[in-house]
Each structure stands twice: as C-alpha cells, then as structure tokens.
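Heads up, the thing below is written out as structure tokens.
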Amino acid sequence: MRTIWKGSIGFGLVNIPVKLYAAVQTSRLDLDMLDGKDHSRIKYQRINEHTGKEVPYNRIVKGYMLDEQYVILDEHDFEDASPEKNKMINLENFVGIDEINPIYYETSYYALPEKQGKKAYSLLLKALTGAKKAGVARFVLRSTENLCVIHPLDDVLVITKIRFDEEIRATSELDIPKPDTITKKELDVGLALIKQYTSPFNIEGFKDEYNGELLKIIKAKAKGKRVKIKKLKVTEEKSDDLYSQLMQSLGKKGA
C-alpha cells in the first residue's frame, strides 16, 4: 500500500503522528475506452476553450468565478485558509458509531502510527474499543477540509470521511407517500417478513456478482465463445393486494 497522507491525530494535548493508506478499492473491472474502428486507446486532453490548443499540466491553475471574473488561487491560498489543519486530524468529540446515519459516509483510510507514536496510538485504539465510541474530527486532504470519524477495526484505527450536513439534500421537495394508508394486518405481516429474513450481518456473504459474470463473458469472448446467460423471469402480479403478496413472500423464504 502507498502512503497518501502524513500528519498527526490530536488527542487532547497528545499528538499521534500517523500515515494514511486507502482502505477501500473498487471491484469494477478496469475497462479502457477504445476507438471502435481500430481499438486504439482514447486519450483525454486539457484544451483551452478559446484557442483549441492543449494546455500543459504545469500551466493549469485553479480559479473561482466571482462577479463575472476569475480569482486565481495558488497553493499558499489553500494553506492560509486553514493552516492549523493541514497536518492535523483534530478530535473534537466522541459519539456512538450507530448515531451517525449511513447517508453521511464517504470513504475510509487505514491510519498507522509513525515509530514515535506507537504507544499513544495503542492507547487511543484501546480507549475507543473499550468505550465503544468513535471520534469526530476534521482534517485537510488535497486542499479540502474533511469531516471524519476515527473508529477501531480489529487492531487498526480507521478514518472514515463523512459528509457535512449542508451536503445532504433536503427531502422537502420529494413527493413522499403517507404511511397512514397501511393497515395493521399488512404491517404485522411486513414485520413478520423482516423477522424471517433477519440474520447477523456477514459482508463475506455478499459478492459482486455482476462483475463476476461480466468477467466470464470477457474470457469466453476472448476464446470466440458466448456464455449462456440466465434469463430473468419477470412475473406480473395479477393483483395489487399488498396483504396477499406479503403472505406469499413469507412462504417463499427457503423454498
């Protein structure tokens, strides 16, 4: 794994030097964009919209449109915006991990200690595990301030980026159906159905089946063959009687 960030976790008056590693990776197949004519790879260029010429990467700057004019920013501007957060993950408070709605989660990083921070790292790890809490903190990554939670996973501290509240869209513009149209007997069967399908969560039981099937097709096509695809049978319900559909669902579990 490659280190993507170095800094410190601020735990009270204690600074824990750490380095971050990407904890997640995509399971999607790495497909290249090709020209359908000769299968040459497609390359993307950074083109000046006025001259039509390619712009070298070292000449590209970042700007913000203000009053119909761009204000150009450099690296010092980003550092000056929050200098104390550039290399510090500041723990602000502690919460129960189940208090955070999953809609806020983004991506995760493994945090490992530098040599001089191992003891303080172990203390924070054990304290969070014992208290069954997660720390809420802020840090700057790639010139952007991020909100995150620091939580234990086995013997490693994980830093999971979460969204700020203003990044979550309000539901007020949605046409949300009213729940008072559900009868008691329909709700009772719905609860029974949930109970029947309830089991301990085991992530290993869920595989990326789509990409697995796609890879089979790719390997078969490479040999000039075609994989037999299981046709999805779509059954149309003759009735919109929710209660009867729920009752039929109860009978299908394990069938």
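Chain labels A, B, ... are given in the sequence in which chains occur in the structure tokens; within each chain residues are numbered consecutively from 1, and ligands are likewise numbered from 1 in the order shown.
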I need the residues of segment 34-254 of chain A that end up classed as helix (DSSP H, G or I) by DSSP on the backbone, written out as JSON, numbers by chain.
{"A": [57, 58, 59, 75, 76, 77, 78, 79, 80, 81, 83, 84, 85, 97, 98, 99, 102, 103, 104, 115, 116, 117, 118, 119, 120, 121, 122, 123, 124, 125, 126, 127, 128, 129, 130, 131, 165, 166, 167, 179, 180, 181, 184, 185, 186, 187, 188, 189, 190, 191, 192, 193, 194, 195, 196, 197, 203, 204, 205, 209, 210, 211, 212, 213, 214, 215, 216, 217, 218, 219, 220, 221, 222, 242, 243, 244, 245, 246, 247, 248, 249, 250, 251, 252]}
I'd like the neighbourhood of Asp165 of chain A as an mmCIF file with N, CA and C atoms, in the first residue's frame, where a residue qualifies if any of its atoms comes within 12 Å (using only C-alpha atoms), though same-chain residues fewer than 6 positions away should be ignored.
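Listed below is the output, around19.cif:
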```
data_model
loop_
_atom_site.group_PDB
_atom_site.id
_atom_site.type_symbol
_atom_site.label_atom_id
_atom_site.label_comp_id
_atom_site.auth_asym_id
_atom_site.auth_seq_id
_atom_site.Cartn_x
_atom_site.Cartn_y
_atom_site.Cartn_z
ATOM 1 N N ILE A 100 -24.447 7.868 13.807
ATOM 2 C CA ILE A 100 -24.166 8.509 12.518
ATOM 3 C C ILE A 100 -24.934 7.797 11.417
ATOM 4 N N ASN A 101 -25.836 8.522 10.771
ATOM 5 C CA ASN A 101 -26.632 7.954 9.684
ATOM 6 C C ASN A 101 -25.724 7.558 8.516
ATOM 7 N N ILE A 103 -26.008 7.732 5.483
ATOM 8 C CA ILE A 103 -26.011 8.643 4.335
ATOM 9 C C ILE A 103 -24.798 9.576 4.370
ATOM 10 N N TYR A 104 -24.194 9.751 5.553
ATOM 11 C CA TYR A 104 -23.057 10.661 5.679
ATOM 12 C C TYR A 104 -21.722 10.022 5.272
ATOM 13 N N TYR A 105 -21.653 8.704 5.208
ATOM 14 C CA TYR A 105 -20.368 8.038 4.960
ATOM 15 C C TYR A 105 -19.858 8.233 3.535
ATOM 16 N N ASN A 146 -12.080 18.132 5.458
ATOM 17 C CA ASN A 146 -12.930 16.946 5.542
ATOM 18 C C ASN A 146 -13.362 16.704 6.983
ATOM 19 N N LEU A 147 -14.594 16.251 7.123
ATOM 20 C CA LEU A 147 -15.102 15.785 8.401
ATOM 21 C C LEU A 147 -14.928 14.268 8.407
#
```
* To do: Find the spatial neighbours of segment 208-223 of chain A, counting only C-alpha atoms, within a cut-off of 8 Å - ignore same-chain residues fewer than 5 positions away - and output them as a PyMOL selection string.
  => chain A and resi 27-29
Put those residues in a file: C-alpha atoms, as a CSV table (one decimal), in the first residue's frame.
```csv
chain,number,residue,atom,x,y,z
A,27,SER,CA,-14.4,-4.1,-7.5
A,28,ARG,CA,-15.3,-2.8,-11.0
A,29,LEU,CA,-13.4,-4.2,-13.9
```
**Asked** Smallest atom-to-atom distance to Cys148 of chain A: which of A:Ile89, A:Met33, A:Leu174, A:Leu66, using only C-alpha atoms?
**Response**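 That would be A:Ile89, the residue with the smallest distance to Cys148 of chain A.
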* To do: With a distance cut-off of 8 Å and only C-alpha atoms, select the neighbouring residues of segment 132-143 of chain A, excluding the residue or stretch itself and same-chain residues fewer than 6 positions from it, and output the selection as an MDAnalysis selection string.
  => chainID A and resid 5 78:79 85:97 149:152
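Nearest residue to Asp241 of chain A among A:Ile4, A:Ile16, A:Ile182, A:Leu112 is A:Ile182, counting only C-alpha atoms.
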Shortest contact to Tyr243 of chain A, candidates A:Pro200, A:Gly190, A:Gly205, A:Gly117, atoms counted only C-alpha atoms, goes to A:Gly190
- DSSP on the backbone: what in segment 10-252 of chain A comes out strand (DSSP E), as a ChimeraX atom specification? /A:10-11,14-22,62-66,69-73,88-95,105-113,134-141,144-153,156-162
**Message:** Just the number, please: distance in Å from atom CA of Val71 of chain A to atom CA of Phe164 of chain A, one decimal.
**Reply:**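 Value for the atom CA of Val71 of chain A-atom CA of Phe164 of chain A distance: 25.4 Å.
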Checklist entry - Neighbours of Leu187 of chain A within 12 Å (only C-alpha atoms; same-chain residues fewer than 6 positions away dropped), as a PyMOL selection string? => result chain A and resi 179-181+193-194+242-243+246-247
Export of the given selection (N, CA, C and O atoms) as a short mmCIF file (atom, residue, chain, number, x, y, z; two decimals), in the first residue's frame:
```cif
data_model
loop_
_atom_site.label_atom_id
_atom_site.label_comp_id
_atom_site.auth_asym_id
_atom_site.auth_seq_id
_atom_site.Cartn_x
_atom_site.Cartn_y
_atom_site.Cartn_z
N PRO A 179 -47.58 7.25 5.32
CA PRO A 179 -47.61 5.87 5.84
C PRO A 179 -48.94 5.46 6.44
O PRO A 179 -49.14 4.29 6.75
N ASP A 180 -49.87 6.41 6.61
CA ASP A 180 -51.12 6.07 7.29
C ASP A 180 -52.09 5.27 6.43
O ASP A 180 -53.19 4.94 6.86
N THR A 181 -51.67 4.93 5.19
CA THR A 181 -52.54 4.12 4.33
C THR A 181 -52.32 2.62 4.58
O THR A 181 -53.03 1.79 4.03
N LEU A 193 -42.21 -10.68 7.96
CA LEU A 193 -41.33 -10.93 6.82
C LEU A 193 -39.90 -10.46 7.13
O LEU A 193 -38.93 -11.16 6.82
N ILE A 194 -39.79 -9.29 7.77
CA ILE A 194 -38.46 -8.78 8.17
C ILE A 194 -37.81 -9.74 9.16
O ILE A 194 -36.62 -10.06 9.05
N LEU A 242 -51.73 -5.91 -1.47
CA LEU A 242 -50.46 -5.94 -0.76
C LEU A 242 -50.41 -7.06 0.27
O LEU A 242 -49.39 -7.75 0.41
N TYR A 243 -51.50 -7.28 0.98
CA TYR A 243 -51.53 -8.30 2.03
C TYR A 243 -51.26 -9.70 1.45
O TYR A 243 -50.45 -10.46 1.99
N LEU A 246 -47.61 -10.07 0.48
CA LEU A 246 -46.76 -10.26 1.66
C LEU A 246 -46.86 -11.69 2.17
O LEU A 246 -45.85 -12.31 2.54
N MET A 247 -48.07 -12.24 2.19
CA MET A 247 -48.26 -13.61 2.66
C MET A 247 -47.54 -14.60 1.76
O MET A 247 -46.94 -15.57 2.23
#
```
Quick one: contact table of segment 8-37 of chain A to segment 154-159 of chain A, 12 Å max, nearest atom pair and distance in Å to one decimal per residue, counting only C-alpha atoms, chain and number order, as CSV?
```
residue,atom,partner,partner_atom,distance
A:Ile9,CA,A:Ile159,CA,10.4
A:Ile16,CA,A:Leu157,CA,11.7
A:Val18,CA,A:Leu157,CA,10.1
A:Lys19,CA,A:Ile159,CA,10.9
A:Leu20,CA,A:Ile159,CA,8.4
A:Tyr21,CA,A:Val158,CA,9.6
A:Ala22,CA,A:Ile159,CA,9.7
A:Ala23,CA,A:Val158,CA,8.1
A:Val24,CA,A:Val158,CA,11.1
```
